[in-house]
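Student: I'm passing along entry_30.cif; it holds mmCIF, C-alpha atoms.
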data_coords
#
loop_
_atom_site.label_atom_id
_atom_site.label_comp_id
_atom_site.auth_asym_id
_atom_site.auth_seq_id
_atom_site.Cartn_x
_atom_site.Cartn_y
_atom_site.Cartn_z
CA MET A 23 -14.65 -30.91 -21.73
CA THR A 24 -16.79 -28.14 -20.23
CA ASN A 25 -18.69 -26.13 -22.85
CA ILE A 26 -18.96 -22.45 -21.95
CA ALA A 27 -21.09 -19.56 -23.16
CA VAL A 28 -19.41 -16.20 -22.52
CA LEU A 29 -22.00 -13.43 -22.42
CA GLY A 30 -20.22 -10.09 -22.55
CA ALA A 31 -17.17 -11.57 -24.28
CA THR A 32 -15.58 -8.26 -25.30
CA GLY A 33 -15.70 -6.67 -21.84
CA SER A 34 -13.01 -6.92 -19.16
CA ILE A 35 -14.45 -10.04 -17.49
CA GLY A 36 -15.21 -11.69 -20.83
CA GLN A 37 -11.67 -11.19 -22.09
CA GLN A 38 -10.19 -12.53 -18.85
CA THR A 39 -12.51 -15.55 -19.05
CA LEU A 40 -11.02 -16.37 -22.43
CA GLN A 41 -7.55 -16.08 -20.91
CA VAL A 42 -8.59 -18.71 -18.36
CA VAL A 43 -9.81 -20.92 -21.20
CA ASP A 44 -6.42 -20.46 -22.89
CA GLU A 45 -4.77 -21.75 -19.69
CA HIS A 46 -6.78 -24.99 -19.86
CA PRO A 47 -7.57 -25.81 -23.50
CA SER A 48 -8.09 -29.50 -22.70
CA LEU A 49 -10.74 -28.69 -20.08
CA PHE A 50 -12.76 -25.79 -21.49
CA SER A 51 -14.24 -24.98 -24.89
CA ILE A 52 -16.26 -21.99 -26.06
CA SER A 53 -19.70 -22.84 -27.44
CA VAL A 54 -21.27 -19.35 -27.50
CA LEU A 55 -19.88 -15.83 -27.52
CA ALA A 56 -22.09 -12.77 -27.00
CA GLY A 57 -21.12 -9.15 -27.51
CA TYR A 58 -22.49 -5.71 -28.20
CA HIS A 59 -20.62 -3.18 -30.34
CA ASN A 60 -16.91 -4.01 -30.20
CA GLY A 61 -17.12 -5.74 -33.55
CA ALA A 62 -13.41 -5.99 -34.30
CA LEU A 63 -12.63 -7.78 -31.04
CA LEU A 64 -15.71 -10.01 -31.24
CA ARG A 65 -14.72 -11.04 -34.76
CA ASP A 66 -11.21 -11.95 -33.62
CA GLN A 67 -12.57 -13.92 -30.67
CA ALA A 68 -15.02 -15.81 -32.87
CA LEU A 69 -12.40 -16.77 -35.43
CA LYS A 70 -9.98 -17.88 -32.70
CA TYR A 71 -12.36 -19.94 -30.55
CA ARG A 72 -14.77 -21.09 -33.28
CA PRO A 73 -17.92 -21.23 -31.15
CA GLN A 74 -21.12 -22.76 -32.47
CA ALA A 75 -22.81 -19.37 -32.26
CA VAL A 76 -22.12 -15.67 -31.77
CA PHE A 77 -24.93 -13.55 -30.33
CA ILE A 78 -24.80 -9.81 -31.17
CA THR A 79 -27.22 -7.31 -29.63
CA ASP A 80 -26.12 -4.23 -31.61
CA ALA A 81 -27.79 -4.10 -35.05
CA ALA A 82 -24.88 -2.38 -36.81
CA THR A 83 -22.34 -4.84 -35.40
CA TYR A 84 -24.56 -7.76 -36.37
CA LYS A 85 -24.79 -6.45 -39.92
CA SER A 86 -21.02 -5.94 -40.19
CA LEU A 87 -20.11 -9.44 -38.93
CA GLN A 88 -22.96 -11.67 -40.04
CA ALA A 89 -21.70 -12.60 -43.50
CA GLU A 90 -18.06 -13.23 -42.58
CA LEU A 91 -18.82 -15.32 -39.49
CA THR A 92 -21.51 -17.31 -41.30
CA GLN A 93 -19.03 -18.08 -44.06
CA ALA A 94 -16.64 -19.30 -41.35
CA GLY A 95 -19.27 -21.82 -40.23
CA ILE A 96 -20.44 -19.90 -37.16
CA THR A 97 -24.13 -19.23 -36.57
CA VAL A 98 -24.78 -15.53 -35.93
CA LEU A 99 -27.75 -14.67 -33.70
CA ASP A 100 -29.58 -11.47 -32.88
CA SER A 101 -32.63 -12.58 -30.85
CA TRP A 102 -33.03 -13.91 -27.32
CA ASP A 103 -35.07 -16.89 -28.53
CA GLN A 104 -32.23 -17.94 -30.81
CA LEU A 105 -29.74 -17.55 -27.97
CA ALA A 106 -31.83 -19.74 -25.66
CA ALA A 107 -31.73 -22.59 -28.17
CA PHE A 108 -27.92 -22.58 -28.17
CA LEU A 109 -27.57 -22.11 -24.40
CA ALA A 110 -29.48 -25.37 -23.95
CA ASP A 111 -26.35 -27.28 -25.04
CA VAL A 112 -23.75 -25.54 -22.84
CA ASP A 113 -22.55 -26.54 -19.38
CA ILE A 114 -21.77 -23.13 -17.88
CA VAL A 115 -22.98 -19.66 -18.78
CA LEU A 116 -20.53 -16.90 -17.85
CA GLY A 117 -22.73 -13.85 -17.32
CA ALA A 118 -20.63 -10.70 -17.77
CA ILE A 119 -22.93 -8.39 -19.75
CA SER A 120 -22.67 -5.03 -18.02
CA GLY A 121 -25.55 -3.38 -16.20
CA ALA A 122 -29.27 -4.09 -16.37
CA ALA A 123 -28.80 -5.48 -19.90
CA GLY A 124 -27.45 -8.63 -18.25
CA ILE A 125 -30.70 -9.49 -16.47
CA GLU A 126 -32.61 -11.11 -19.33
CA PRO A 127 -29.87 -13.50 -20.53
CA THR A 128 -29.15 -14.55 -16.94
CA LEU A 129 -32.81 -15.41 -16.41
CA ILE A 130 -32.88 -17.29 -19.73
CA ALA A 131 -29.93 -19.42 -18.60
CA LEU A 132 -31.45 -20.08 -15.16
CA GLU A 133 -34.77 -21.04 -16.72
CA LEU A 134 -32.83 -23.65 -18.69
CA GLY A 135 -31.50 -25.02 -15.39
CA LYS A 136 -27.92 -23.96 -16.17
CA THR A 137 -25.01 -23.19 -13.88
CA VAL A 138 -24.36 -19.46 -14.21
CA ALA A 139 -20.96 -18.05 -13.30
CA LEU A 140 -22.30 -14.60 -12.53
CA ALA A 141 -20.22 -11.45 -12.87
CA ASN A 142 -23.20 -9.17 -13.42
CA LYS A 143 -24.19 -7.90 -9.98
CA GLU A 144 -27.04 -5.79 -11.36
CA THR A 145 -29.02 -8.96 -12.09
CA LEU A 146 -29.23 -9.80 -8.40
CA VAL A 147 -29.64 -6.18 -7.34
CA ALA A 148 -32.58 -5.42 -9.64
CA ALA A 149 -34.09 -8.86 -10.21
CA GLY A 150 -33.18 -10.83 -7.10
CA ALA A 151 -36.74 -12.06 -6.61
CA LEU A 152 -36.98 -13.31 -10.19
CA VAL A 153 -33.60 -15.04 -9.88
CA ALA A 154 -34.69 -16.80 -6.67
CA GLU A 155 -37.90 -17.92 -8.37
CA ALA A 156 -36.01 -19.30 -11.39
CA LEU A 157 -33.51 -21.15 -9.18
CA ALA A 158 -36.29 -22.75 -7.15
CA LYS A 159 -38.33 -23.71 -10.19
CA TYR A 160 -35.69 -24.91 -12.65
CA GLY A 161 -32.85 -26.15 -10.42
CA GLY A 162 -29.99 -24.10 -11.81
CA ARG A 163 -27.08 -22.75 -9.80
CA ILE A 164 -25.24 -19.45 -9.42
CA ILE A 165 -21.51 -19.40 -8.70
CA PRO A 166 -20.36 -15.83 -8.03
CA VAL A 167 -17.49 -14.37 -10.04
CA ASP A 168 -17.13 -11.02 -8.24
CA SER A 169 -13.93 -11.40 -6.24
CA GLU A 170 -15.67 -10.52 -2.96
CA HIS A 171 -18.56 -12.92 -3.41
CA SER A 172 -16.29 -15.64 -4.69
CA ALA A 173 -14.29 -15.21 -1.48
CA ILE A 174 -17.43 -15.53 0.66
CA PHE A 175 -18.60 -18.52 -1.38
CA GLN A 176 -15.26 -20.25 -0.80
CA CYS A 177 -15.32 -19.54 2.94
CA LEU A 178 -18.90 -20.82 3.28
CA GLU A 179 -18.63 -24.01 1.26
CA ALA A 180 -18.01 -26.45 4.12
CA ASN A 181 -19.08 -24.39 7.09
CA GLY A 182 -22.78 -23.56 6.93
CA GLN A 183 -24.50 -20.32 7.93
CA PRO A 184 -22.26 -17.50 9.26
CA ALA A 185 -23.04 -14.90 11.88
CA LYS A 186 -21.71 -12.06 9.75
CA ILE A 187 -20.12 -11.27 6.40
CA LEU A 188 -17.20 -8.82 6.18
CA LEU A 189 -17.25 -7.37 2.67
CA THR A 190 -13.99 -5.64 1.76
CA ALA A 191 -13.72 -2.53 -0.43
CA SER A 192 -10.60 -1.00 -1.92
CA GLY A 193 -12.06 2.42 -1.15
CA GLY A 194 -11.35 3.63 -4.67
CA PRO A 195 -8.89 6.34 -5.71
CA PHE A 196 -10.31 8.99 -3.34
CA ARG A 197 -10.25 7.04 -0.08
CA HIS A 198 -7.70 9.47 1.42
CA TRP A 199 -9.04 12.67 -0.16
CA ALA A 200 -10.58 15.33 2.05
CA LYS A 201 -14.25 15.95 1.36
CA ASP A 202 -13.68 19.48 0.02
CA LYS A 203 -11.46 18.03 -2.73
CA LEU A 204 -14.17 15.66 -3.97
CA VAL A 205 -16.16 18.49 -5.56
CA GLY A 206 -13.71 19.04 -8.40
CA ILE A 207 -13.14 15.42 -9.39
CA ARG A 208 -13.07 14.82 -13.16
CA PRO A 209 -13.71 11.52 -14.98
CA ALA A 210 -9.99 11.04 -15.67
CA ASP A 211 -9.32 11.22 -11.92
CA ALA A 212 -12.02 8.68 -11.09
CA LEU A 213 -10.99 6.23 -13.81
CA SER A 214 -7.57 5.69 -12.24
CA HIS A 215 -8.17 2.80 -9.83
CA PRO A 216 -5.29 2.03 -7.47
CA THR A 217 -5.50 -1.78 -7.45
CA TRP A 218 -7.96 -3.15 -10.04
CA ASP A 219 -8.13 -2.87 -13.83
CA MET A 220 -11.85 -2.66 -14.66
CA GLY A 221 -14.29 -1.14 -17.13
CA CYS A 222 -15.30 2.53 -16.93
CA LYS A 223 -18.66 2.10 -15.23
CA ILE A 224 -17.52 -0.21 -12.45
CA THR A 225 -14.42 1.94 -11.87
CA ILE A 226 -16.59 5.01 -11.26
CA ASP A 227 -18.85 2.92 -9.01
CA SER A 228 -15.77 1.92 -7.04
CA ALA A 229 -14.82 5.58 -6.64
CA THR A 230 -18.27 6.53 -5.29
CA LEU A 231 -18.53 3.27 -3.26
CA MET A 232 -21.77 2.48 -5.11
CA ASN A 233 -20.07 -0.66 -6.39
CA LYS A 234 -19.74 -1.84 -2.80
CA GLY A 235 -23.36 -0.93 -2.16
CA LEU A 236 -24.46 -3.05 -5.10
CA GLU A 237 -22.29 -5.86 -3.76
CA VAL A 238 -24.00 -5.61 -0.37
CA ILE A 239 -27.35 -6.20 -2.08
CA GLU A 240 -25.79 -9.00 -4.12
CA ALA A 241 -24.47 -10.66 -0.95
CA VAL A 242 -27.91 -10.50 0.65
CA ARG A 243 -29.40 -12.27 -2.39
CA LEU A 244 -26.63 -14.82 -2.80
CA PHE A 245 -26.10 -15.86 0.81
CA ASP A 246 -29.51 -15.29 2.39
CA MET A 247 -28.17 -12.82 4.92
CA PRO A 248 -29.94 -9.65 6.13
CA GLY A 249 -28.32 -6.35 5.25
CA GLU A 250 -27.43 -5.59 8.86
CA LYS A 251 -25.21 -8.70 8.89
CA ILE A 252 -23.13 -7.40 5.94
CA GLN A 253 -20.31 -5.15 7.18
CA VAL A 254 -18.24 -3.18 4.68
CA LEU A 255 -14.56 -2.67 5.46
CA VAL A 256 -12.21 -0.50 3.42
CA HIS A 257 -9.10 -2.57 2.66
CA GLU A 258 -6.87 -0.61 0.32
CA GLU A 259 -4.42 -3.40 -0.54
CA SER A 260 -7.20 -5.52 -2.15
CA VAL A 261 -5.54 -8.70 -0.87
CA VAL A 262 -8.29 -9.95 1.47
CA HIS A 263 -11.22 -10.27 -0.91
CA SER A 264 -13.78 -10.79 1.84
CA MET A 265 -14.27 -12.58 5.15
CA VAL A 266 -16.85 -14.58 7.07
CA GLN A 267 -17.34 -14.36 10.81
CA TRP A 268 -18.82 -17.39 12.59
CA VAL A 269 -20.98 -17.50 15.72
CA ASP A 270 -17.95 -18.37 17.89
CA GLY A 271 -16.12 -15.22 16.73
CA THR A 272 -13.78 -17.02 14.32
CA VAL A 273 -13.11 -15.09 11.10
CA MET A 274 -12.18 -16.85 7.85
CA ALA A 275 -10.74 -14.86 4.96
CA GLN A 276 -9.91 -15.58 1.32
CA LEU A 277 -6.75 -13.89 0.09
CA GLY A 278 -5.31 -13.53 -3.38
CA THR A 279 -3.84 -11.14 -5.91
CA ALA A 280 -6.03 -8.46 -7.48
CA ASP A 281 -6.61 -10.63 -10.54
CA MET A 282 -10.14 -11.44 -11.72
CA ARG A 283 -8.90 -14.52 -13.55
CA LEU A 284 -8.69 -16.33 -10.20
CA PRO A 285 -12.40 -16.12 -9.25
CA ILE A 286 -13.33 -16.69 -12.91
CA GLN A 287 -11.27 -19.89 -13.01
CA TYR A 288 -12.73 -21.02 -9.68
CA ALA A 289 -16.27 -20.53 -10.96
CA LEU A 290 -15.58 -22.40 -14.21
CA ALA A 291 -13.77 -25.32 -12.54
CA TRP A 292 -15.82 -25.57 -9.32
CA PRO A 293 -15.59 -27.65 -7.19
CA LYS A 294 -12.05 -28.37 -8.41
CA ARG A 295 -9.03 -26.08 -8.16
CA LEU A 296 -6.73 -25.84 -11.16
CA GLU A 297 -3.11 -24.84 -11.47
CA ASN A 298 -2.30 -21.81 -13.64
CA THR A 299 0.50 -19.47 -14.61
CA PHE A 300 -1.06 -16.36 -13.06
CA PRO A 301 0.95 -14.31 -10.51
CA THR A 302 0.69 -15.57 -6.92
CA LEU A 303 0.41 -13.64 -3.68
CA ASP A 304 3.61 -12.63 -1.86
CA LEU A 305 2.53 -11.59 1.64
CA ALA A 306 6.08 -10.85 2.75
CA ALA A 307 6.43 -8.30 -0.05
CA ILE A 308 3.12 -6.67 0.91
CA GLY A 309 4.08 -6.58 4.58
CA THR A 310 1.03 -4.88 6.11
CA LEU A 311 -2.71 -5.07 5.57
CA HIS A 312 -5.05 -2.22 6.59
CA PHE A 313 -8.76 -2.17 7.38
CA ALA A 314 -11.01 0.79 8.15
CA GLU A 315 -14.64 1.88 8.35
CA PRO A 316 -16.03 3.53 5.19
CA ARG A 317 -16.39 7.32 5.24
CA TRP A 318 -20.18 7.15 5.15
CA GLU A 319 -20.88 10.89 5.01
CA ASP A 320 -18.31 11.61 2.31
CA PHE A 321 -19.40 8.66 0.11
CA PRO A 322 -23.21 8.49 0.56
CA ALA A 323 -23.80 6.05 -2.33
CA LEU A 324 -22.98 3.11 -0.05
CA ASN A 325 -25.70 4.07 2.41
CA LEU A 326 -28.19 4.49 -0.44
CA ALA A 327 -27.79 0.78 -1.22
CA TYR A 328 -28.63 -0.14 2.37
CA LYS A 329 -31.68 2.15 2.17
CA ALA A 330 -32.77 0.47 -1.07
CA LEU A 331 -32.52 -2.91 0.69
CA ASP A 332 -34.62 -1.63 3.60
CA ARG A 333 -37.34 -0.32 1.29
CA GLY A 334 -37.24 -3.45 -0.85
CA GLY A 335 -39.43 -4.31 -3.84
CA ILE A 336 -38.48 -2.40 -6.98
CA ILE A 337 -36.29 0.17 -5.18
CA PRO A 338 -32.97 -1.66 -5.71
CA ALA A 339 -33.81 -1.72 -9.43
CA VAL A 340 -34.50 2.03 -9.31
CA LEU A 341 -31.20 2.60 -7.51
CA ASN A 342 -29.33 0.63 -10.16
CA ALA A 343 -31.01 2.35 -13.12
CA ALA A 344 -30.51 5.85 -11.69
CA ASN A 345 -26.87 5.10 -10.93
CA GLU A 346 -26.17 3.86 -14.47
CA VAL A 347 -27.59 7.10 -15.86
CA ALA A 348 -25.75 9.30 -13.37
CA VAL A 349 -22.41 7.58 -14.00
CA ASP A 350 -22.89 7.97 -17.75
CA GLN A 351 -23.66 11.67 -17.31
CA PHE A 352 -20.59 12.11 -15.11
CA LEU A 353 -18.37 10.42 -17.69
CA LYS A 354 -19.79 12.85 -20.27
CA GLU A 355 -18.97 15.69 -17.84
CA LYS A 356 -22.63 16.73 -17.63
CA ILE A 357 -22.73 16.43 -13.82
CA GLY A 358 -20.16 16.49 -11.00
CA PHE A 359 -18.80 13.55 -9.05
CA LEU A 360 -20.78 14.30 -5.88
CA THR A 361 -23.95 14.76 -7.91
CA ILE A 362 -24.02 11.05 -8.81
CA ALA A 363 -25.31 10.03 -5.38
CA GLU A 364 -27.69 13.02 -5.27
CA VAL A 365 -29.28 11.92 -8.55
CA VAL A 366 -29.73 8.38 -7.25
CA ALA A 367 -31.23 9.55 -3.95
CA THR A 368 -33.68 11.95 -5.63
CA THR A 369 -34.74 9.28 -8.14
CA MET A 370 -35.36 6.74 -5.37
CA GLN A 371 -37.60 9.23 -3.56
CA ALA A 372 -39.85 9.42 -6.63
CA PHE A 373 -40.83 5.72 -6.47
CA GLN A 374 -42.96 3.61 -4.16
CA ALA A 375 -41.63 0.22 -3.05
CA GLU A 376 -44.04 -1.98 -4.99
CA GLY A 377 -43.26 -5.68 -5.25
CA VAL A 378 -41.35 -7.30 -8.11
CA GLU A 379 -43.74 -9.32 -10.25
CA SER A 380 -42.15 -9.93 -13.66
CA LEU A 381 -39.27 -9.08 -15.95
CA ALA A 382 -41.59 -6.93 -18.07
CA GLN A 383 -42.54 -4.90 -14.98
CA LEU A 384 -38.86 -4.47 -14.03
CA GLN A 385 -37.99 -3.37 -17.55
CA ALA A 386 -40.74 -0.75 -17.42
CA ILE A 387 -39.57 0.48 -13.99
CA ASP A 388 -35.98 0.55 -15.25
CA ALA A 389 -36.97 2.75 -18.20
CA GLU A 390 -39.04 5.04 -15.98
CA ALA A 391 -36.21 5.41 -13.43
CA ARG A 392 -33.70 6.17 -16.18
CA ALA A 393 -35.94 8.86 -17.61
CA LYS A 394 -36.43 10.40 -14.16
CA ALA A 395 -32.69 10.33 -13.44
CA LEU A 396 -31.89 11.93 -16.78
CA THR A 397 -34.35 14.72 -16.05
CA ILE A 398 -32.73 15.27 -12.66
CA CYS A 399 -29.27 15.35 -14.25
CA ALA A 400 -30.51 18.07 -16.57
CA GLY A 401 -31.13 20.21 -13.50
CA ASP A 402 -34.76 19.46 -12.72
CA GLY A 403 -35.29 18.22 -9.20
CA LEU A 404 -31.92 18.64 -7.48
#
Show the structure stored in the file as structure tokens.

Tutor:
Amino acid sequence: MTNIAVLGATGSIGQQTLQVVDEHPSLFSISVLAGYHNGALLRDQALKYRPQAVFITDAATYKSLQAELTQAGITVLDSWDQLAAFLADVDIVLGAISGAAGIEPTLIALELGKTVALANKETLVAAGALVAEALAKYGGRIIPVDSEHSAIFQCLEANGQPAKILLTASGGPFRHWAKDKLVGIRPADALSHPTWDMGCKITIDSATLMNKGLEVIEAVRLFDMPGEKIQVLVHEESVVHSMVQWVDGTVMAQLGTADMRLPIQYALAWPKRLENTFPTLDLAAIGTLHFAEPRWEDFPALNLAYKALDRGGIIPAVLNAANEVAVDQFLKEKIGFLTIAEVVATTMQAFQAEGVESLAQLQAIDAEARAKALTICAGDGL
């Protein structure tokens, strides 16, 4: 029995992880659940899976659930130190807390030498140096959950170092829109993804192509490849999840349905493959697969990620923080769709590429970048 901690249990990835556990109740058990403010769902999850502990970061949610869950025999936690004590007894930590908030718990798990099934790309984008240090010092492991990085991981397992990585992107809902139409995009337009069912923030990132930019940085960290060896291809069917090109020109691809439960299950069961009842791929029904270059000028967020990689140091963390603020402001209809990338670019220009030294330093930079981005969104600096 593999004991799992699901961090970000009430989000899209967390919920799908629990569906994978439901597929294999004799193989997986839930030891820890962690959530933020979706108290009703977290309560239901806790009473169904009966973990040893539930970790709640939102004070109001903690207060509303603490008595009931304690009475049910479940320990309720609200501090990182308490969480670390319970993570010590689990086999796999599924890291799906959204955004920069996922950095600290991921580092806690790695410092305990745990295997982390990582769905939080921001951890590697903003804190890649700290993750590498923790892996080297404590001997943990990261197995990627993002469908693209899971695909690359699977292609690389028995074949060594590639010459190139081909990172596929759906292109988002506006991949065929003319540039002059992008100006009037509203949140409701951007939240309608053509192939994936995801949370609001990542869906907007997909629409701007920032999500793919973050994944480029993540691929550099995960697979020790320079940015210039990561090629992004728009692939609107979302069937080929990514590819690896070898020095002899051979290309290997991993294909599957647009279902995050597949890479989640692979990460939890690795190195085994498990049967399941999830829908399987029917290539004959799909018929044709398309690939194209990204529209770099129309979707500048992707290039900003490459620029953040080139500058290095804290700049990827600044990029991530500014993007989270800009996406939030877009969803609140405070700024336009095209302004998201402008806010990120202007925020990046305000920072020097100093080295990453500690989590405390990154947290301070994150707060400073968010404040700067918010000021820019308010009309100062654009």

Student: One number please: atom CA of A:Thr369 to atom CA of A:Val147, in Å, one decimal.

Tutor: 16.3 Å

Student: Do you have the atom CA of A:Leu189-atom CA of A:Asp304 distance handy?

Tutor: 22.0 Å

Student: Please write the residues picked by the PyMOL selection byres ((chain A and resi 112) around 10) on this file as a list of chain:residue names.

Tutor: A:Thr24, A:Asn25, A:Ile26, A:Ala27, A:Ser51, A:Ile52, A:Ser53, A:Val54, A:Phe108, A:Leu109, A:Ala110, A:Asp111, A:Asp113, A:Ile114, A:Val115, A:Ala131, A:Lys136, A:Thr137

Student: Can you tell me, as a ChimeraX atom specification, what residues are no more than 7 Å from stretch 327-338 of chain A when counting only C-alpha atoms, ignoring any on the same chain fewer than 6 positions away?

Tutor: /A:147-148,235-236,239,249,370,375-378

Student: I'd like to see the residues matched by the PyMOL selection byres ((chain A and resi 224) around 12) on this file, and ideally I'd get them as an MDAnalysis selection string.

Tutor: chainID A and resid 33:35 120:121 141:144 168 194 212:215 218:223 225:237 345:346 349:350 353

Student: Nearest to A:Lys294 among A:Ile252, A:Ala389, A:Leu49, A:Ile207, with distances taken over only C-alpha atoms: which residue is it?

Tutor: A:Leu49

Student: Using only C-alpha atoms, can you tell me which of A:Ala210, A:Met23, A:Ala31, A:Leu360 comes closest to A:Pro195?

Tutor: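 Under the stated criterion, the closest residue is A:Ala210.
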
Student: To one decimal in Å, tell me the separation between atom CA of A:Ile398 and atom CA of A:Ala323.

Tutor: 16.5 Å

Student: Taking the file as shown, what set of residues would the PyMOL selection byres ((chain A and resi 37-47) around 9) give back, as a ChimeraX atom specification?

Tutor: /A:23,28,30-36,48-52,67,71,116,282-284,286-287,290,296-299

Student: Write out as a VMD selection string which residues come within 9 Å of A:Ala68 when counting all atoms listed in the file, dropping same-chain ones fewer than 3 positions away.

Tutor: chain A and resid 54 to 55 63 to 65 71 to 73 75 to 76 91 96
